[in-house]
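For reference, data23.pdb (PDB, C-alpha atoms):
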ATOM      1  CA  MET A  11       0.000   0.000   0.000
ATOM      2  CA  GLN A  12       1.467   3.379  -0.972
ATOM      3  CA  ASP A  13       2.363   5.876   1.770
ATOM      4  CA  SER A  14      -0.198   8.695   1.863
ATOM      5  CA  THR A  15       2.468  11.373   2.486
ATOM      6  CA  PRO A  16       2.469  13.709  -0.541
ATOM      7  CA  LEU A  17       5.475  13.211  -2.795
ATOM      8  CA  ALA A  18       7.266  16.431  -3.770
ATOM      9  CA  VAL A  19       9.439  16.087  -6.881
ATOM     10  CA  GLY A  20      12.143  18.606  -7.739
ATOM     11  CA  ILE A  21      14.108  18.601 -10.991
ATOM     12  CA  ASP A  22      17.218  20.603 -11.864
ATOM     13  CA  VAL A  23      17.854  20.445 -15.623
ATOM     14  CA  GLY A  24      21.372  21.729 -16.187
ATOM     15  CA  GLY A  25      23.285  22.286 -19.376
ATOM     16  CA  THR A  26      24.986  18.891 -19.181
ATOM     17  CA  LYS A  27      23.302  16.887 -16.416
ATOM     18  CA  THR A  28      19.887  16.657 -14.813
ATOM     19  CA  ARG A  29      19.088  15.723 -11.227
ATOM     20  CA  LEU A  30      15.690  14.649  -9.870
ATOM     21  CA  ARG A  31      15.052  14.392  -6.155
ATOM     22  CA  ALA A  32      11.764  13.259  -4.610
ATOM     23  CA  LEU A  33      10.810  13.436  -0.953
ATOM     24  CA  ALA A  34       7.767  12.290   0.994
ATOM     25  CA  GLY A  35       7.977  14.390   4.115
ATOM     26  CA  ASP A  36      11.595  13.971   5.220
ATOM     27  CA  ASP A  37      11.966  10.583   3.530
ATOM     28  CA  LEU A  38      14.069  10.469   0.362
ATOM     29  CA  VAL A  39      12.178   8.471  -2.259
ATOM     30  CA  ALA A  40      14.399   9.076  -5.296
ATOM     31  CA  ASP A  41      17.680  10.795  -6.133
ATOM     32  CA  HIS A  42      18.392  10.321  -9.821
ATOM     33  CA  VAL A  43      21.049  11.823 -12.099
ATOM     34  CA  ARG A  44      21.190  11.551 -15.887
ATOM     35  CA  THR A  45      22.446  13.570 -18.826
ATOM     36  CA  SER A  46      20.408  16.464 -20.184
ATOM     37  CA  GLY A  47      20.529  15.070 -23.703
ATOM     38  CA  GLY A  48      17.216  15.593 -25.463
ATOM     39  CA  TRP A  49      16.153  18.589 -23.374
ATOM     40  CA  ARG A  50      14.501  21.080 -25.757
ATOM     41  CA  PRO A  51      13.281  24.019 -23.669
ATOM     42  CA  HIS A  52      12.153  26.059 -26.674
ATOM     43  CA  GLU A  53       9.635  23.342 -27.594
ATOM     44  CA  PRO A  54       7.157  23.227 -24.672
ATOM     45  CA  ARG A  55       5.456  19.947 -25.579
ATOM     46  CA  ALA A  56       8.749  18.179 -26.223
ATOM     47  CA  ALA A  57      10.217  19.559 -22.987
ATOM     48  CA  ALA A  58       7.171  18.455 -20.990
ATOM     49  CA  ALA A  59       7.274  14.984 -22.533
ATOM     50  CA  TRP A  60      10.985  14.717 -21.673
ATOM     51  CA  LEU A  61      10.292  15.704 -18.065
ATOM     52  CA  THR A  62       7.375  13.298 -17.795
ATOM     53  CA  ALA A  63       9.529  10.423 -19.040
ATOM     54  CA  LEU A  64      12.202  11.389 -16.504
ATOM     55  CA  VAL A  65       9.700  11.348 -13.622
ATOM     56  CA  ARG A  66       8.448   7.905 -14.618
ATOM     57  CA  GLU A  67      11.994   6.622 -15.070
ATOM     58  CA  ALA A  68      13.281   7.936 -11.751
ATOM     59  CA  LEU A  69      10.429   7.205  -9.323
ATOM     60  CA  PRO A  70      10.009   3.709  -7.900
ATOM     61  CA  PRO A  71       7.029   1.630  -9.061
ATOM     62  CA  GLY A  72       3.775   2.880  -7.583
ATOM     63  CA  ALA A  73       5.158   6.263  -6.543
ATOM     64  CA  VAL A  74       2.997   9.116  -7.802
ATOM     65  CA  PRO A  75       4.091  12.758  -7.511
ATOM     66  CA  ALA A  76       1.802  15.210  -5.740
ATOM     67  CA  ALA A  77       3.673  18.248  -7.108
ATOM     68  CA  VAL A  78       6.573  18.824  -9.472
ATOM     69  CA  ALA A  79       8.879  21.845  -9.713
ATOM     70  CA  VAL A  80      11.524  22.238 -12.408
ATOM     71  CA  GLY A  81      14.484  24.557 -12.832
ATOM     72  CA  GLY A  82      15.277  24.390 -16.535
ATOM     73  CA  HIS A  83      18.476  25.370 -18.300
ATOM     74  CA  ALA A  84      17.797  27.861 -21.124
ATOM     75  CA  CYS A  85      14.242  28.483 -19.888
ATOM     76  CA  GLU A  86      14.778  32.199 -20.348
ATOM     77  CA  THR A  87      11.393  33.966 -20.287
ATOM     78  CA  PRO A  88       8.211  33.707 -18.190
ATOM     79  CA  ARG A  89       6.225  32.860 -21.350
ATOM     80  CA  GLN A  90       8.576  30.025 -22.253
ATOM     81  CA  CYS A  91       8.508  28.570 -18.726
ATOM     82  CA  ALA A  92       4.705  28.918 -18.558
ATOM     83  CA  GLY A  93       4.336  26.976 -21.795
ATOM     84  CA  ILE A  94       6.347  24.054 -20.413
ATOM     85  CA  ARG A  95       4.467  24.211 -17.098
ATOM     86  CA  SER A  96       1.090  24.069 -18.838
ATOM     87  CA  ALA A  97       2.091  21.088 -20.945
ATOM     88  CA  LEU A  98       3.656  19.309 -17.961
ATOM     89  CA  THR A  99       0.569  19.837 -15.803
ATOM     90  CA  GLY A 100      -1.536  18.313 -18.536
ATOM     91  CA  LEU A 101       0.682  15.229 -18.824
ATOM     92  CA  LEU A 102       1.182  14.526 -15.108
ATOM     93  CA  ASP A 103      -2.165  15.890 -13.855
ATOM     94  CA  VAL A 104      -0.532  17.440 -10.770
ATOM     95  CA  PRO A 105       0.419  21.013  -9.828
ATOM     96  CA  ALA A 106       3.666  21.994 -11.538
ATOM     97  CA  LEU A 107       6.036  24.953 -11.631
ATOM     98  CA  VAL A 108       8.772  25.642 -14.175
ATOM     99  CA  VAL A 109      11.425  28.333 -13.733
ATOM    100  CA  GLY A 110      14.919  28.998 -15.035
ATOM    101  CA  ASP A 111      17.546  26.857 -13.326
ATOM    102  CA  ALA A 112      19.214  29.862 -11.654
ATOM    103  CA  GLU A 113      15.955  30.482  -9.759
ATOM    104  CA  LEU A 114      16.590  27.325  -7.744
ATOM    105  CA  LEU A 115      19.503  28.881  -5.842
ATOM    106  CA  VAL A 116      17.565  31.163  -3.488
ATOM    107  CA  PRO A 117      15.113  28.483  -2.254
ATOM    108  CA  ALA A 118      17.997  25.973  -2.082
ATOM    109  CA  ALA A 119      19.672  28.344   0.375
ATOM    110  CA  GLY A 120      16.512  28.391   2.479
ATOM    111  CA  LEU A 121      15.621  31.965   1.540
ATOM    112  CA  ASP A 122      12.343  33.450   0.351
ATOM    113  CA  LYS A 123      13.900  36.215  -1.728
ATOM    114  CA  GLY A 124      17.241  37.349  -3.073
ATOM    115  CA  VAL A 125      19.468  36.977  -6.096
ATOM    116  CA  GLY A 126      20.662  33.745  -7.648
ATOM    117  CA  LEU A 127      24.011  34.219  -9.403
ATOM    118  CA  VAL A 128      25.556  31.453 -11.497
ATOM    119  CA  ALA A 129      29.059  31.517 -12.927
ATOM    120  CA  GLY A 130      29.832  28.139 -14.415
ATOM    121  CA  THR A 131      30.436  27.668 -18.116
ATOM    122  CA  GLY A 132      28.306  30.799 -18.583
ATOM    123  CA  SER A 133      26.952  33.416 -16.211
ATOM    124  CA  VAL A 134      23.520  34.751 -15.294
ATOM    125  CA  ALA A 135      21.758  36.441 -12.388
ATOM    126  CA  VAL A 136      18.072  36.263 -11.499
ATOM    127  CA  GLY A 137      15.754  37.832  -8.971
ATOM    128  CA  ARG A 138      12.170  38.964  -8.531
ATOM    129  CA  LEU A 139      10.463  42.342  -8.349
ATOM    130  CA  PRO A 140       8.276  43.192  -5.334
ATOM    131  CA  ASP A 141       5.218  42.041  -7.308
ATOM    132  CA  GLY A 142       6.827  38.634  -7.867
ATOM    133  CA  SER A 143       7.739  39.146 -11.520
ATOM    134  CA  PRO A 144      11.002  37.385 -12.439
ATOM    135  CA  VAL A 145      13.956  39.338 -13.809
ATOM    136  CA  GLN A 146      16.989  37.800 -15.516
ATOM    137  CA  VAL A 147      20.159  39.623 -16.531
ATOM    138  CA  GLY A 148      23.134  38.200 -18.389
ATOM    139  CA  GLY A 149      23.234  34.719 -19.790
ATOM    140  CA  TRP A 150      23.668  35.804 -23.408
ATOM    141  CA  GLY A 151      26.074  33.058 -24.441
ATOM    142  CA  ALA A 152      29.820  32.857 -24.884
ATOM    143  CA  VAL A 153      30.013  34.770 -28.159
ATOM    144  CA  LEU A 154      28.213  37.906 -26.968
ATOM    145  CA  GLY A 155      28.241  37.728 -23.181
ATOM    146  CA  ASP A 156      28.568  35.345 -20.231
ATOM    147  CA  GLU A 157      31.262  37.538 -18.692
ATOM    148  CA  GLY A 158      32.658  35.876 -15.589
ATOM    149  CA  GLY A 159      31.796  32.380 -16.783
ATOM    150  CA  ALA A 160      34.446  29.957 -17.963
ATOM    151  CA  ALA A 161      33.893  30.542 -21.674
ATOM    152  CA  GLY A 162      33.816  34.309 -21.236
ATOM    153  CA  LEU A 163      37.085  34.193 -19.302
ATOM    154  CA  VAL A 164      38.780  32.340 -22.145
ATOM    155  CA  ARG A 165      37.378  34.754 -24.732
ATOM    156  CA  GLU A 166      38.639  37.779 -22.803
ATOM    157  CA  ALA A 167      41.994  36.117 -22.091
ATOM    158  CA  ALA A 168      42.504  35.580 -25.823
ATOM    159  CA  ARG A 169      41.632  39.229 -26.481
ATOM    160  CA  CYS A 170      44.226  40.323 -23.916
ATOM    161  CA  ALA A 171      46.843  38.028 -25.429
ATOM    162  CA  TRP A 172      46.142  39.440 -28.896
ATOM    163  CA  ALA A 173      46.345  43.012 -27.617
ATOM    164  CA  ALA A 174      49.708  42.307 -25.977
ATOM    165  CA  HIS A 175      50.927  40.733 -29.210
ATOM    166  CA  ASP A 176      49.842  43.844 -31.140
ATOM    167  CA  ARG A 177      51.824  45.984 -28.694
ATOM    168  CA  GLY A 178      54.911  43.974 -29.558
ATOM    169  CA  GLU A 179      55.162  42.280 -26.174
ATOM    170  CA  GLN A 180      56.618  38.815 -25.746
ATOM    171  CA  PRO A 181      54.053  36.123 -24.852
ATOM    172  CA  ASP A 182      53.596  35.826 -21.084
ATOM    173  CA  ALA A 183      52.303  32.868 -19.085
ATOM    174  CA  LEU A 184      48.719  33.547 -20.168
ATOM    175  CA  ALA A 185      49.496  33.663 -23.879
ATOM    176  CA  LEU A 186      51.774  30.630 -23.677
ATOM    177  CA  GLY A 187      49.134  28.688 -21.742
ATOM    178  CA  LEU A 188      46.429  29.467 -24.294
ATOM    179  CA  VAL A 189      48.695  28.594 -27.210
ATOM    180  CA  ALA A 190      49.500  25.224 -25.630
ATOM    181  CA  ALA A 191      45.912  24.477 -24.629
ATOM    182  CA  LEU A 192      44.489  25.291 -28.056
ATOM    183  CA  GLY A 193      47.273  23.519 -29.918
ATOM    184  CA  VAL A 194      48.455  26.424 -32.074
ATOM    185  CA  PRO A 195      52.068  27.461 -32.721
ATOM    186  CA  GLU A 196      51.747  31.139 -31.778
ATOM    187  CA  VAL A 197      49.368  33.823 -30.504
ATOM    188  CA  PRO A 198      47.871  34.848 -33.891
ATOM    189  CA  GLY A 199      46.565  31.297 -34.282
ATOM    190  CA  LEU A 200      44.272  31.616 -31.255
ATOM    191  CA  GLY A 201      41.479  33.232 -33.282
ATOM    192  CA  ALA A 202      41.105  30.414 -35.786
ATOM    193  CA  ALA A 203      41.302  27.817 -33.018
ATOM    194  CA  LEU A 204      38.504  29.473 -31.027
ATOM    195  CA  GLU A 205      36.353  30.078 -34.094
ATOM    196  CA  SER A 206      36.568  26.410 -35.107
ATOM    197  CA  ALA A 207      34.643  25.297 -32.008
ATOM    198  CA  THR A 208      31.357  23.551 -32.741
ATOM    199  CA  ASP A 209      30.088  23.877 -29.137
ATOM    200  CA  VAL A 210      31.484  27.285 -28.277
ATOM    201  CA  SER A 211      30.570  27.438 -24.594
ATOM    202  CA  ALA A 212      31.843  23.975 -23.717
ATOM    203  CA  GLU A 213      34.943  24.008 -25.906
ATOM    204  CA  TRP A 214      36.043  27.473 -24.842
ATOM    205  CA  GLY A 215      35.076  26.985 -21.228
ATOM    206  CA  ARG A 216      37.187  23.883 -20.671
ATOM    207  CA  HIS A 217      40.313  25.995 -21.090
ATOM    208  CA  ALA A 218      39.454  28.385 -18.232
ATOM    209  CA  PRO A 219      41.897  26.715 -15.794
ATOM    210  CA  VAL A 220      44.690  28.090 -18.003
ATOM    211  CA  VAL A 221      43.699  31.626 -16.988
ATOM    212  CA  PHE A 222      43.847  30.877 -13.273
ATOM    213  CA  ALA A 223      47.104  28.938 -13.590
ATOM    214  CA  ALA A 224      48.668  31.872 -15.439
ATOM    215  CA  ALA A 225      47.483  34.298 -12.760
ATOM    216  CA  ALA A 226      48.981  32.093 -10.057
ATOM    217  CA  GLY A 227      52.190  32.038 -12.109
ATOM    218  CA  GLY A 228      52.451  35.798 -12.090
ATOM    219  CA  SER A 229      50.716  36.897 -15.306
ATOM    220  CA  SER A 230      49.434  40.436 -14.865
ATOM    221  CA  LEU A 231      47.245  39.941 -17.940
ATOM    222  CA  ALA A 232      45.527  36.907 -16.402
ATOM    223  CA  ARG A 233      45.006  38.753 -13.138
ATOM    224  CA  ALA A 234      43.437  41.647 -15.026
ATOM    225  CA  VAL A 235      41.090  39.252 -16.845
ATOM    226  CA  ILE A 236      39.974  37.710 -13.538
ATOM    227  CA  ALA A 237      39.497  41.114 -11.911
ATOM    228  CA  GLU A 238      37.338  42.264 -14.806
ATOM    229  CA  ALA A 239      35.334  39.030 -14.631
ATOM    230  CA  GLY A 240      34.631  39.729 -10.965
ATOM    231  CA  ARG A 241      33.477  43.251 -11.809
ATOM    232  CA  SER A 242      31.205  41.873 -14.532
ATOM    233  CA  LEU A 243      29.537  39.456 -12.126
ATOM    234  CA  ALA A 244      29.031  42.221  -9.576
ATOM    235  CA  ALA A 245      27.556  44.371 -12.349
ATOM    236  CA  LEU A 246      24.833  41.758 -12.893
ATOM    237  CA  VAL A 247      23.720  42.186  -9.289
ATOM    238  CA  ALA A 248      23.881  45.978  -9.604
ATOM    239  CA  ARG A 249      21.715  45.781 -12.710
ATOM    240  CA  LEU A 250      19.091  43.820 -10.801
ATOM    241  CA  ALA A 251      19.210  46.349  -7.961
ATOM    242  CA  ASP A 252      18.669  49.183 -10.433
ATOM    243  CA  ARG A 253      15.541  47.425 -11.649
ATOM    244  CA  GLY A 254      14.075  47.166  -8.157
ATOM    245  CA  VAL A 255      15.005  43.573  -7.281
ATOM    246  CA  PHE A 256      15.769  42.734  -3.631
ATOM    247  CA  VAL A 257      19.529  42.096  -3.667
ATOM    248  CA  ASP A 258      20.531  42.012   0.003
ATOM    249  CA  ASP A 259      21.162  38.269  -0.241
ATOM    250  CA  VAL A 260      23.128  36.970  -3.226
ATOM    251  CA  VAL A 261      23.351  33.175  -3.486
ATOM    252  CA  VAL A 262      26.337  32.185  -5.611
ATOM    253  CA  ALA A 263      26.751  28.906  -7.467
ATOM    254  CA  GLY A 264      28.570  27.546 -10.484
ATOM    255  CA  SER A 265      31.496  25.295 -11.247
ATOM    256  CA  THR A 266      33.817  28.194 -12.075
ATOM    257  CA  VAL A 267      33.231  30.783  -9.367
ATOM    258  CA  LEU A 268      33.068  28.275  -6.508
ATOM    259  CA  ALA A 269      36.097  26.301  -7.692
ATOM    260  CA  GLN A 270      38.322  29.346  -8.206
ATOM    261  CA  PRO A 271      38.884  31.478  -5.099
ATOM    262  CA  ALA A 272      40.573  34.182  -7.186
ATOM    263  CA  LEU A 273      37.347  34.764  -9.109
ATOM    264  CA  TYR A 274      35.098  34.562  -6.053
ATOM    265  CA  ASP A 275      37.308  37.066  -4.218
ATOM    266  CA  ALA A 276      37.311  39.400  -7.241
ATOM    267  CA  PHE A 277      33.523  39.194  -7.375
ATOM    268  CA  THR A 278      32.955  39.847  -3.664
ATOM    269  CA  ALA A 279      35.396  42.777  -3.657
ATOM    270  CA  SER A 280      33.631  44.355  -6.636
ATOM    271  CA  LEU A 281      30.195  43.641  -5.166
ATOM    272  CA  ALA A 282      31.147  45.485  -1.975
ATOM    273  CA  ASP A 283      31.844  48.564  -4.092
ATOM    274  CA  ALA A 284      28.908  48.225  -6.498
ATOM    275  CA  VAL A 285      26.164  47.163  -4.041
ATOM    276  CA  PRO A 286      27.383  47.674  -0.459
ATOM    277  CA  SER A 287      24.206  46.245   1.074
ATOM    278  CA  ALA A 288      24.525  42.897  -0.738
ATOM    279  CA  ARG A 289      25.630  39.839   1.219
ATOM    280  CA  PRO A 290      27.177  37.137  -1.001
ATOM    281  CA  MET A 291      26.899  33.520   0.111
ATOM    282  CA  PRO A 292      28.215  30.462  -1.726
ATOM    283  CA  LEU A 293      25.738  27.621  -2.199
ATOM    284  CA  TRP A 294      27.200  24.289  -1.136
ATOM    285  CA  VAL A 295      24.009  22.208  -1.345
ATOM    286  CA  PRO A 296      22.733  20.961  -4.721
ATOM    287  CA  PRO A 297      20.355  23.363  -6.512
ATOM    288  CA  VAL A 298      17.842  20.526  -6.852
ATOM    289  CA  ASP A 299      17.078  21.147  -3.167
ATOM    290  CA  GLY A 300      15.576  24.437  -4.329
ATOM    291  CA  ALA A 301      13.350  22.588  -6.778
ATOM    292  CA  VAL A 302      12.116  20.331  -3.981
ATOM    293  CA  ALA A 303      11.360  23.389  -1.846
ATOM    294  CA  LEU A 304       9.367  24.924  -4.707
ATOM    295  CA  ALA A 305       7.474  21.664  -5.222
ATOM    296  CA  ARG A 306       6.575  21.593  -1.540
ATOM    297  CA  SER A 307       5.184  25.116  -1.849
ATOM    298  CA  LEU A 308       2.654  23.741  -4.334
ATOM    299  CA  LEU A 309       1.273  21.105  -1.951
TER     300      LEU A 309
END
What is this file in structure tokens?
Amino acid sequence: MQDSTPLAVGIDVGGTKTRLRALAGDDLVADHVRTSGGWRPHEPRAAAAWLTALVREALPPGAVPAAVAVGGHACETPRQCAGIRSALTGLLDVPALVVGDAELLVPAAGLDKGVGLVAGTGSVAVGRLPDGSPVQVGGWGAVLGDEGGAAGLVREAARCAWAAHDRGEQPDALALGLVAALGVPEVPGLGAALESATDVSAEWGRHAPVVFAAAAGGSSLARAVIAEAGRSLAALVARLADRGVFVDDVVVAGSTVLAQPALYDAFTASLADAVPSARPMPLWVPPVDGAVALARSLL
């Protein structure tokens, strides 16, 4: 006989992996990780079908969700998220909520309001206006934006290396590291190597450790790139504040900013100047906990 305790299901769909966690009260019923292959957030019916299949795959036989909340990578507008939510509600016949994945950070930290800031492969910041309307800034991809994310760091590092080359300077640790990582003989070859990427964010972003290694090795160029990345991340929070979002609490997550103290320190120093009232806090629990909290709010 199935337990009558309502089952809250939270799903964090990331750019590369997806995690589903289901709890009945305090009892963990499922904790499932898979790749995000097949996730198509710009096609609401396809996205809802993908999520429905995931729920059925991950839950044990006989377990039926009472509410489902999803944080979806590349779910960028309220209209887009609402379309997926409507389709998902129709398929599962339970209350559902769909938000962008960065919106999971604040509830994961146990907060009711604040800013969620992600700096992983890319970067984005989200918050809500006093009337509850969501606001997202940043997250424009590695070619045009994502400053402070791994791919953006590599892009800006290459620009600095090119500028130094144009000034007639000898390659420093940053330039030499990029040349070696991208497999080109000299600095002018960096452009063609970067432009040949088929998955720009992933292929550029995987070289970000070169920037931090060069900074640790004494490269003033690499240190300048990291400092500017920190200012760019702080600027996202300032932009939200200018739009009326509550920014006193800033929950920080992402594989780049939390793994690289130099970037986190650059961000917090810049944030103190840009938004003195903001309190940054790193998130050390999985964002899927925020999805579970949102699902529970639907019960």
Q.
Residues within 12 Å of segment 253-261 of chain A, please, as a ChimeraX atom specification. Count all atoms listed in the file; anything in the same chain fewer than 5 positions from it doesn't count.
A. /A:112-129,134-147,243-244,246-248,267-268,277-278,281-282,284-295,297,300
Which residues are close to Val210 of chain A, i.e. within 9 Å by all atoms listed in the file, leaving aside same-chain residues fewer than 4 positions away? Reply as a ChimeraX atom specification. /A:151-153,161,204-206,214-215
Please enumerate the residues selected by the PyMOL selection byres ((chain A and resi 162-167) around 9) when evaluated against the supplied file, formatted as a ChimeraX atom specification.
/A:131-133,151-161,168-172,184-185,188,204,211,214-218,220-221,231-232,235-236,239
* To do: Output the residue selection produced by the PyMOL selection byres ((chain A and resi 21-27) around 9) on the file above, formatted as number ranges by chain.
  => A: 19-20, 28-32, 43-47, 49, 61, 65, 78-84, 111, 114, 297-302
Using all atoms listed in the file, the best pick from A:Gly72, A:Gly148, A:Gly130, A:Gly100 as closest to Gln270 of chain A would be A:Gly130
Please identify all polymer residues within 9 Å of Ser96 of chain A, counting only C-alpha atoms, omitting same-chain residues fewer than 3 positions from it, and present them as a PDB file with C-alpha atoms, keeping the file's coordinate frame.
ATOM      1  CA  PRO A  54       7.157  23.227 -24.672  1.00  0.00           C
ATOM      2  CA  ALA A  58       7.171  18.455 -20.990  1.00  0.00           C
ATOM      3  CA  CYS A  91       8.508  28.570 -18.726  1.00  0.00           C
ATOM      4  CA  ALA A  92       4.705  28.918 -18.558  1.00  0.00           C
ATOM      5  CA  GLY A  93       4.336  26.976 -21.795  1.00  0.00           C
ATOM      6  CA  THR A  99       0.569  19.837 -15.803  1.00  0.00           C
ATOM      7  CA  GLY A 100      -1.536  18.313 -18.536  1.00  0.00           C
ATOM      8  CA  LEU A 101       0.682  15.229 -18.824  1.00  0.00           C
ATOM      9  CA  ALA A 106       3.666  21.994 -11.538  1.00  0.00           C
ATOM     10  CA  LEU A 107       6.036  24.953 -11.631  1.00  0.00           C
TER      11      LEU A 107
END
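Pairwise distance (atom CA of Pro71 of chain A, atom CA of Pro105 of chain A) equals 20.5 Å.
This file, filtered with the PyMOL selection byres ((chain A and resi 70) around 12), gives the residues Gln12, Leu17, Arg31, Ala32, Leu33, Leu38, Val39, Ala40, Asp41, His42, Leu64, Val65, Arg66, Glu67, Ala68, Leu69, Pro71, Gly72, Ala73, Val74 and Pro75 of chain A.
The residue that comes closest to Pro198 of chain A, out of A:Asp252, A:Asp176, A:Glu86, A:Glu53 and on the basis of all atoms listed in the file, is A:Asp176.
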(message) Report, in Å to a single decimal, how far apart atom CA of Ala226 of chain A and atom CA of Asp275 of chain A are.
(response)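 Spanning atom CA of Asp275 of chain A to atom CA of Ala226 of chain A is a straight-line distance of 14.0 Å.
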Atom CA of Leu102 of chain A and atom CA of Ala59 of chain A, how far apart in Å?
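Atom-to-atom, atom CA of Ala59 of chain A and atom CA of Leu102 of chain A are spaced 9.6 Å apart.
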